[in-house]
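Okay, input.tsv is below, TSV, C-alpha atoms:
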chain	number	residue	atom	x	y	z
T	48	ARG	CA	0.00	0.00	0.00
T	49	LEU	CA	2.88	2.39	0.77
T	50	ASN	CA	4.24	1.91	-2.74
T	51	TRP	CA	0.79	2.60	-4.20
T	52	LEU	CA	0.51	5.79	-2.16
T	53	ALA	CA	4.02	6.86	-3.18
T	54	GLY	CA	3.16	6.12	-6.80
T	55	LYS	CA	-0.04	8.13	-6.62
T	56	LYS	CA	1.81	11.09	-5.10
T	57	ALA	CA	4.52	10.92	-7.75
T	58	LYS	CA	1.88	10.80	-10.49
T	59	GLU	CA	0.13	13.85	-9.04
T	60	GLY	CA	3.50	15.62	-9.23
T	61	THR	CA	3.81	14.53	-12.90
T	62	ALA	CA	6.82	12.33	-12.04
T	63	TYR	CA	5.33	9.51	-14.09
T	64	GLN	CA	8.42	7.31	-14.40
T	65	THR	CA	9.06	7.52	-10.67
T	66	ALA	CA	5.42	6.66	-10.09
T	67	THR	CA	5.76	3.64	-12.37
T	68	ASN	CA	8.75	2.40	-10.38
T	69	TYR	CA	6.89	2.60	-7.07
T	70	LEU	CA	3.82	0.92	-8.51
T	71	ALA	CA	5.86	-1.87	-10.10
T	72	LEU	CA	7.52	-2.55	-6.76
T	73	GLY	CA	4.11	-2.69	-5.11
T	74	SER	CA	2.97	-5.31	-7.63
T	75	GLN	CA	6.09	-7.37	-7.02
T	76	LEU	CA	5.50	-7.32	-3.27
T	77	LEU	CA	1.93	-8.54	-3.73
T	78	GLY	CA	3.25	-11.57	-5.57
T	79	GLU	CA	1.44	-14.09	-7.75
T	80	THR	CA	-1.46	-14.48	-5.31
T	81	GLY	CA	-2.11	-10.75	-5.14
T	82	TRP	CA	-5.20	-10.84	-7.34
T	83	ASP	CA	-6.78	-13.56	-5.20
T	84	LYS	CA	-5.88	-12.27	-1.74
T	85	HIS	CA	-5.68	-8.51	-2.28
T	86	TYR	CA	-7.88	-7.80	-5.29
T	87	GLU	CA	-8.51	-4.11	-4.64
T	88	MET	CA	-4.82	-3.29	-4.24
T	89	ALA	CA	-3.79	-5.45	-7.22
T	90	PHE	CA	-6.39	-3.73	-9.38
T	91	ALA	CA	-5.38	-0.25	-8.20
T	92	LEU	CA	-1.70	-0.95	-8.87
T	93	HIS	CA	-2.34	-2.23	-12.39
T	94	LYS	CA	-4.73	0.61	-13.21
T	95	GLU	CA	-2.24	3.22	-12.03
T	96	GLN	CA	0.64	1.52	-13.82
T	97	GLY	CA	-1.38	1.45	-17.02
T	98	GLU	CA	-2.15	5.14	-16.75
T	99	CYS	CA	1.43	6.12	-15.84
T	100	GLN	CA	2.86	4.06	-18.69
T	101	PHE	CA	0.46	5.88	-21.02
T	102	LEU	CA	1.50	9.25	-19.61
T	103	CYS	CA	5.14	8.27	-20.16
T	104	GLY	CA	4.31	7.56	-23.80
T	105	LYS	CA	4.88	3.83	-23.40
T	106	PHE	CA	1.65	2.82	-25.05
T	107	LYS	CA	2.34	-0.90	-25.50
T	108	ASN	CA	3.24	-1.27	-21.84
T	109	ALA	CA	0.11	0.65	-20.91
T	110	GLU	CA	-2.04	-1.63	-23.04
T	111	GLN	CA	-0.64	-4.69	-21.28
T	112	PHE	CA	-1.39	-3.40	-17.78
T	113	LEU	CA	-4.83	-2.15	-18.76
T	114	ALA	CA	-5.69	-5.42	-20.49
T	115	ILE	CA	-4.82	-7.38	-17.35
T	116	ALA	CA	-6.81	-5.02	-15.13
T	117	LEU	CA	-9.80	-5.20	-17.48
T	118	ALA	CA	-9.70	-9.00	-17.57
T	119	LYS	CA	-9.39	-9.26	-13.79
T	120	ALA	CA	-11.96	-6.57	-12.91
T	121	HIS	CA	-14.76	-7.80	-10.66
T	122	SER	CA	-17.36	-5.15	-11.47
T	123	LYS	CA	-18.53	-3.07	-14.40
T	124	PHE	CA	-17.51	0.05	-12.46
T	125	ASP	CA	-13.93	-1.19	-12.16
T	126	LYS	CA	-14.00	-2.03	-15.86
T	127	ALA	CA	-15.31	1.46	-16.61
T	128	ASN	CA	-12.30	2.97	-14.83
T	129	ILE	CA	-10.06	1.09	-17.24
T	130	TYR	CA	-12.14	2.04	-20.27
T	131	VAL	CA	-11.80	5.72	-19.35
T	132	ILE	CA	-7.99	5.42	-19.43
T	133	LYS	CA	-8.09	3.40	-22.65
T	134	LEU	CA	-10.23	6.08	-24.33
T	135	ALA	CA	-7.77	8.81	-23.36
T	136	GLN	CA	-4.86	6.75	-24.66
T	137	LEU	CA	-6.53	5.86	-27.96
T	138	SER	CA	-7.41	9.50	-28.55
T	139	ALA	CA	-3.83	10.59	-27.75
T	140	GLN	CA	-2.57	8.03	-30.28
T	141	GLY	CA	-4.96	9.30	-32.95
T	142	GLN	CA	-6.85	6.00	-33.00
T	143	TYR	CA	-10.23	7.70	-33.09
T	144	TYR	CA	-12.18	4.89	-34.74
T	145	GLN	CA	-10.95	2.40	-32.15
T	146	ALA	CA	-11.73	4.91	-29.39
T	147	VAL	CA	-15.35	5.14	-30.55
T	148	ALA	CA	-15.59	1.35	-30.89
T	149	THR	CA	-14.28	1.02	-27.33
T	150	THR	CA	-16.85	3.58	-26.18
T	151	ILE	CA	-19.63	1.48	-27.67
T	152	GLU	CA	-18.28	-1.62	-25.93
T	153	ALA	CA	-18.22	0.19	-22.60
T	154	LEU	CA	-21.73	1.62	-22.96
T	155	GLN	CA	-23.16	-1.76	-23.94
T	156	MET	CA	-21.71	-3.13	-20.72
T	157	PHE	CA	-24.02	-0.72	-18.87
T	158	GLY	CA	-27.04	-1.79	-20.87
T	159	LEU	CA	-27.22	1.02	-23.42
T	160	ASP	CA	-28.31	-0.06	-26.89
T	161	VAL	CA	-25.57	1.31	-29.18
T	162	PRO	CA	-25.08	-0.17	-32.67
T	163	PRO	CA	-21.56	-1.14	-33.79
T	164	LEU	CA	-19.77	1.31	-36.07
T	165	ASP	CA	-19.91	-1.03	-39.06
T	166	GLN	CA	-23.73	-1.20	-39.00
T	167	ASN	CA	-24.53	2.03	-40.83
T	168	GLU	CA	-28.28	1.49	-41.21
T	169	ALA	CA	-28.69	0.52	-37.56
T	170	LEU	CA	-26.67	3.56	-36.52
T	171	GLN	CA	-28.78	5.86	-38.68
T	172	GLN	CA	-31.95	4.38	-37.19
T	173	ALA	CA	-30.59	4.71	-33.65
T	174	THR	CA	-29.75	8.36	-34.35
T	175	ALA	CA	-33.25	8.98	-35.70
T	176	ASP	CA	-34.71	7.32	-32.60
T	177	GLU	CA	-32.63	9.55	-30.29
T	178	ILE	CA	-33.70	12.66	-32.22
T	179	ALA	CA	-37.36	11.61	-31.98
T	180	LEU	CA	-37.00	10.97	-28.24
T	181	TYR	CA	-35.32	14.35	-27.74
T	182	GLN	CA	-38.13	16.10	-29.62
T	183	GLU	CA	-40.67	14.29	-27.46
T	184	ASN	CA	-38.75	15.22	-24.30
T	185	MET	CA	-38.76	18.88	-25.33
T	186	ILE	CA	-42.50	19.19	-26.04
T	187	ASN	CA	-43.15	20.94	-22.73
T	188	ARG	CA	-39.62	22.28	-22.20
T	189	GLU	CA	-37.51	25.18	-23.39
T	190	ILE	CA	-33.76	24.97	-24.02
T	191	ASP	CA	-33.14	27.02	-20.87
T	192	ASP	CA	-34.89	24.34	-18.84
T	193	LEU	CA	-32.05	21.91	-19.55
T	194	GLY	CA	-29.80	23.88	-17.22
T	195	ASP	CA	-32.26	23.50	-14.35
T	196	LEU	CA	-32.57	19.72	-14.36
T	197	PRO	CA	-31.92	17.90	-11.07
T	198	LEU	CA	-28.55	16.31	-10.41
T	199	MET	CA	-28.01	12.78	-11.71
T	200	GLN	CA	-28.30	10.11	-9.01
T	201	ASN	CA	-28.10	6.90	-11.06
T	202	GLU	CA	-24.53	5.62	-10.75
T	203	ASP	CA	-24.67	3.65	-14.00
T	204	MET	CA	-25.77	6.71	-15.94
T	205	LYS	CA	-23.11	8.87	-14.29
T	206	VAL	CA	-20.49	6.52	-15.69
T	207	CYS	CA	-22.15	6.44	-19.11
T	208	SER	CA	-22.22	10.24	-19.14
T	209	GLN	CA	-18.51	10.33	-18.34
T	210	ILE	CA	-17.65	7.78	-21.03
T	211	ILE	CA	-19.62	9.64	-23.70
T	212	ALA	CA	-18.08	12.99	-22.72
T	213	ILE	CA	-14.55	11.61	-22.94
T	214	ALA	CA	-15.32	9.96	-26.28
T	215	LEU	CA	-16.83	13.08	-27.86
T	216	ASP	CA	-13.38	14.41	-28.79
T	217	SER	CA	-12.71	11.29	-30.83
T	218	VAL	CA	-16.26	11.27	-32.19
T	219	THR	CA	-15.92	14.88	-33.37
T	220	ILE	CA	-12.52	14.32	-35.00
T	221	LEU	CA	-13.75	11.13	-36.67
T	222	GLY	CA	-16.05	13.40	-38.67
T	223	VAL	CA	-19.08	11.14	-39.17
T	224	PRO	CA	-22.22	13.27	-38.62
T	225	ASP	CA	-24.52	10.41	-37.61
T	226	ILE	CA	-22.10	9.22	-34.93
T	227	LEU	CA	-21.66	12.70	-33.49
T	228	ALA	CA	-25.41	13.29	-33.53
T	229	PHE	CA	-26.13	9.94	-31.89
T	230	PHE	CA	-23.75	10.34	-28.95
T	231	THR	CA	-24.54	14.00	-28.38
T	232	ILE	CA	-28.30	13.59	-28.39
T	233	LYS	CA	-27.98	10.39	-26.36
T	234	MET	CA	-26.24	12.42	-23.67
T	235	LEU	CA	-29.02	15.03	-23.75
T	236	ASN	CA	-31.70	12.39	-23.41
T	237	LEU	CA	-29.84	10.75	-20.53
T	238	SER	CA	-29.64	14.14	-18.82
T	239	ILE	CA	-33.34	14.80	-19.29
T	240	GLU	CA	-34.27	11.36	-17.95
T	241	TYR	CA	-31.69	11.00	-15.15
T	242	GLY	CA	-30.48	14.53	-14.41
T	243	LEU	CA	-27.29	16.54	-14.82
T	244	SER	CA	-23.81	15.15	-14.29
T	245	GLU	CA	-20.52	17.02	-14.20
T	246	PHE	CA	-19.97	15.91	-17.80
T	247	THR	CA	-23.31	17.14	-19.20
T	248	PRO	CA	-22.07	20.64	-20.19
T	249	PHE	CA	-19.68	19.21	-22.77
T	250	GLY	CA	-22.59	17.30	-24.27
T	251	TYR	CA	-24.56	20.53	-24.50
T	252	LEU	CA	-21.61	22.17	-26.27
T	253	CYS	CA	-21.43	19.38	-28.82
T	254	PHE	CA	-25.18	19.62	-29.31
T	255	ALA	CA	-24.65	23.17	-30.58
T	256	ILE	CA	-22.32	21.69	-33.22
T	257	VAL	CA	-24.95	19.14	-34.19
T	258	GLN	CA	-27.60	21.83	-34.47
T	259	SER	CA	-25.36	23.88	-36.74
T	260	ASN	CA	-25.43	20.92	-39.13
T	261	ASP	CA	-29.25	21.07	-39.31
T	262	TYR	CA	-30.04	17.90	-37.33
Would you mind giving the structure from this file in structure tokens?
Amino acid sequence: RLNWLAGKKAKEGTAYQTATNYLALGSQLLGETGWDKHYEMAFALHKEQGECQFLCGKFKNAEQFLAIALAKAHSKFDKANIYVIKLAQLSAQGQYYQAVATTIEALQMFGLDVPPLDQNEALQQATADEIALYQENMINREIDDLGDLPLMQNEDMKVCSQIIAIALDSVTILGVPDILAFFTIKMLNLSIEYGLSEFTPFGYLCFAIVQSNDY
């Protein structure tokens, strides 16, 4: 645990290589039975190592640590923590298509119905469905009302909101209007149904982009 704490502190100070060294030592001390006997610490060490390796620019090493953490994760919330790091890394590497595909995988894990990227007709229909739902949601609302929604309480939807917000950079750069419209309006509909999260404002900003394209 001391090595994990030292690694976290080093990472906060942007000393990423030093952080990696502390975290690696922590993993060594846990040993081969670490995942069975000390799951939470083993997971935290691998997650942090994956992120620090990414921040050091060692993408292949990062992928290895994140893949292990994802495979060993006990809950969808732990998996979501790994997906968030993976999305940031894929975007930093310019792998925008893979970032969006990973986003879809993560959202499906939380029960959201999101068509794969290679299913164009299904994606177009899903986008049309989200637009229709948004229009229905706005029948008795004004745009200004969206800023006065209650705070989001559903933990699953908080995570989905975060994942979509992080992915919107990649979605925007990818340059496929239907994909941008789908994710942006999906976030709006989630906000209307479940409330505002700290990530909602970025969705609202992207919605302005979608509107400028006459959706």
Handout entry: T:Leu180, T:Leu77, T:Ile129, T:Leu164 ranked by distance to Glu95 (chain T), top pick (using only C-alpha atoms)
Key =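 The answer is T:Ile129, which sits nearest to Glu95 (chain T).
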Handout entry: Local residues around (-4.7, 0.6, -15.3), at most 10 Å away, using only C-alpha atoms, as a VMD selection string
Key = chain T and resid 90 to 101 109 to 117 125 to 126 128 to 133
Handout entry: Nearest to Glu152 (chain T) by atom-to-atom distance, counting all atoms listed in the file, from T:Ile210, T:Leu198, T:Asp192, T:Gln140
Key = T:Ile210
Practice task
Give me, please, the distance in Å between CA of Val161 (chain T) and CA of Phe229 (chain T), quoted to one decimal.
Solution key: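 Here the two named atoms are 9.1 Å from each other.
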Problem - Given all atoms listed in the file as the counted atoms, nearest of T:Met185, T:Cys103, T:Ala53, T:Leu159 to Met204 (chain T) - result: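 For Met204 (chain T), the nearest of the candidates is T:Leu159.
CA of Val257 (chain T) to CA of Leu227 (chain T) spans 7.3 Å [interatomic distance, one decimal].
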Exercise for the section: Would you please work out which residue, of T:Ala120, T:Thr61, T:Gln75, T:Asn108, is nearest to Glu87 (chain T) when using all atoms listed in the file? Expected result: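 Distance minimum relative to Glu87 (chain T) lands on T:Ala120.
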Handout entry: Residue with smallest distance to Thr219 (chain T) - pool T:Ser122, T:Trp51, T:Tyr144, T:Glu245, counting only C-alpha atoms
Key = T:Tyr144
Problem - Closest of T:Glu202, T:Leu72, T:Ala148, T:Gln64 to Lys123 (chain T) - atom-to-atom distances counting all atoms listed in the file - result: T:Glu202
Exercise for the section: Tell me, as a list in words, which residues lie within 12 Å of Ala179 (chain T), counting only C-alpha atoms; anything in the same chain fewer than 4 positions away does not count. Expected result: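 Skipping anything fewer than 4 positions along the chain leaves Gln172, Ala173, Thr174, Ala175, Glu183, Asn184, Met185, Ile186, Phe229, Ile232, Lys233, Asn236 and Tyr262 of chain T.
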Which residues are near Tyr63 (chain T)? Cut-off 9 Å, only C-alpha atoms, ignore same chain within fewer than 4 positions. Put them as an mmCIF file with C-alpha atoms, keeping the file's coordinate frame.
data_model
loop_
_atom_site.group_PDB
_atom_site.id
_atom_site.type_symbol
_atom_site.label_atom_id
_atom_site.label_comp_id
_atom_site.auth_asym_id
_atom_site.auth_seq_id
_atom_site.Cartn_x
_atom_site.Cartn_y
_atom_site.Cartn_z
ATOM 1 C CA GLY T 54 3.160 6.120 -6.800
ATOM 2 C CA ALA T 57 4.520 10.920 -7.750
ATOM 3 C CA LYS T 58 1.880 10.800 -10.490
ATOM 4 C CA GLU T 59 0.130 13.850 -9.040
ATOM 5 C CA THR T 67 5.760 3.640 -12.370
ATOM 6 C CA ASN T 68 8.750 2.400 -10.380
ATOM 7 C CA CYS T 99 1.430 6.120 -15.840
ATOM 8 C CA GLN T 100 2.860 4.060 -18.690
ATOM 9 C CA LEU T 102 1.500 9.250 -19.610
ATOM 10 C CA CYS T 103 5.140 8.270 -20.160
#
Problem - Neighbour list for Gln200 (chain T) as a list in words, cut-off 9 Å, all atoms listed in the file, skip fewer than 2 positions in-chain - result: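 These residues fall inside the cut-off: Pro197, Leu198, Glu202, Asp203, Met204, Lys205, Tyr241, Gly242, Leu243 and Ser244 of chain T.
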Fill in the blank from the handout: The distance between CA of Ser238 (chain T) and CA of Gln155 (chain T) is 17.9 Å
Box centre and edge lengths (Å, one decimal), axis-aligned, region 190-202 of chain T plus 8 Å each side, as JSON:
{"center_x": -29.7, "center_y": 16.3, "center_z": -16.5, "size_x": 26.4, "size_y": 37.4, "size_z": 31.0}
Handout entry: Spatial neighbours of Ile226 (chain T), max dist 9 Å, all atoms listed in the file, sep filter under 4 positions, as a list of chain:residue names
Key = T:Leu164, T:Leu170, T:Gln171, T:Thr174, T:Val218, T:Thr219, T:Leu221, T:Gly222, T:Phe230, T:Thr231
Can you write out the residues you just picked, keeping C-alpha atoms, as a PDB file, in the frame of the given file?
ATOM      1  CA  LEU T 164     -19.770   1.310 -36.070  1.00  0.00           C
ATOM      2  CA  LEU T 170     -26.670   3.560 -36.520  1.00  0.00           C
ATOM      3  CA  GLN T 171     -28.780   5.860 -38.680  1.00  0.00           C
ATOM      4  CA  THR T 174     -29.750   8.360 -34.350  1.00  0.00           C
ATOM      5  CA  VAL T 218     -16.260  11.270 -32.190  1.00  0.00           C
ATOM      6  CA  THR T 219     -15.920  14.880 -33.370  1.00  0.00           C
ATOM      7  CA  LEU T 221     -13.750  11.130 -36.670  1.00  0.00           C
ATOM      8  CA  GLY T 222     -16.050  13.400 -38.670  1.00  0.00           C
ATOM      9  CA  PHE T 230     -23.750  10.340 -28.950  1.00  0.00           C
ATOM     10  CA  THR T 231     -24.540  14.000 -28.380  1.00  0.00           C
TER      11      THR T 231
END
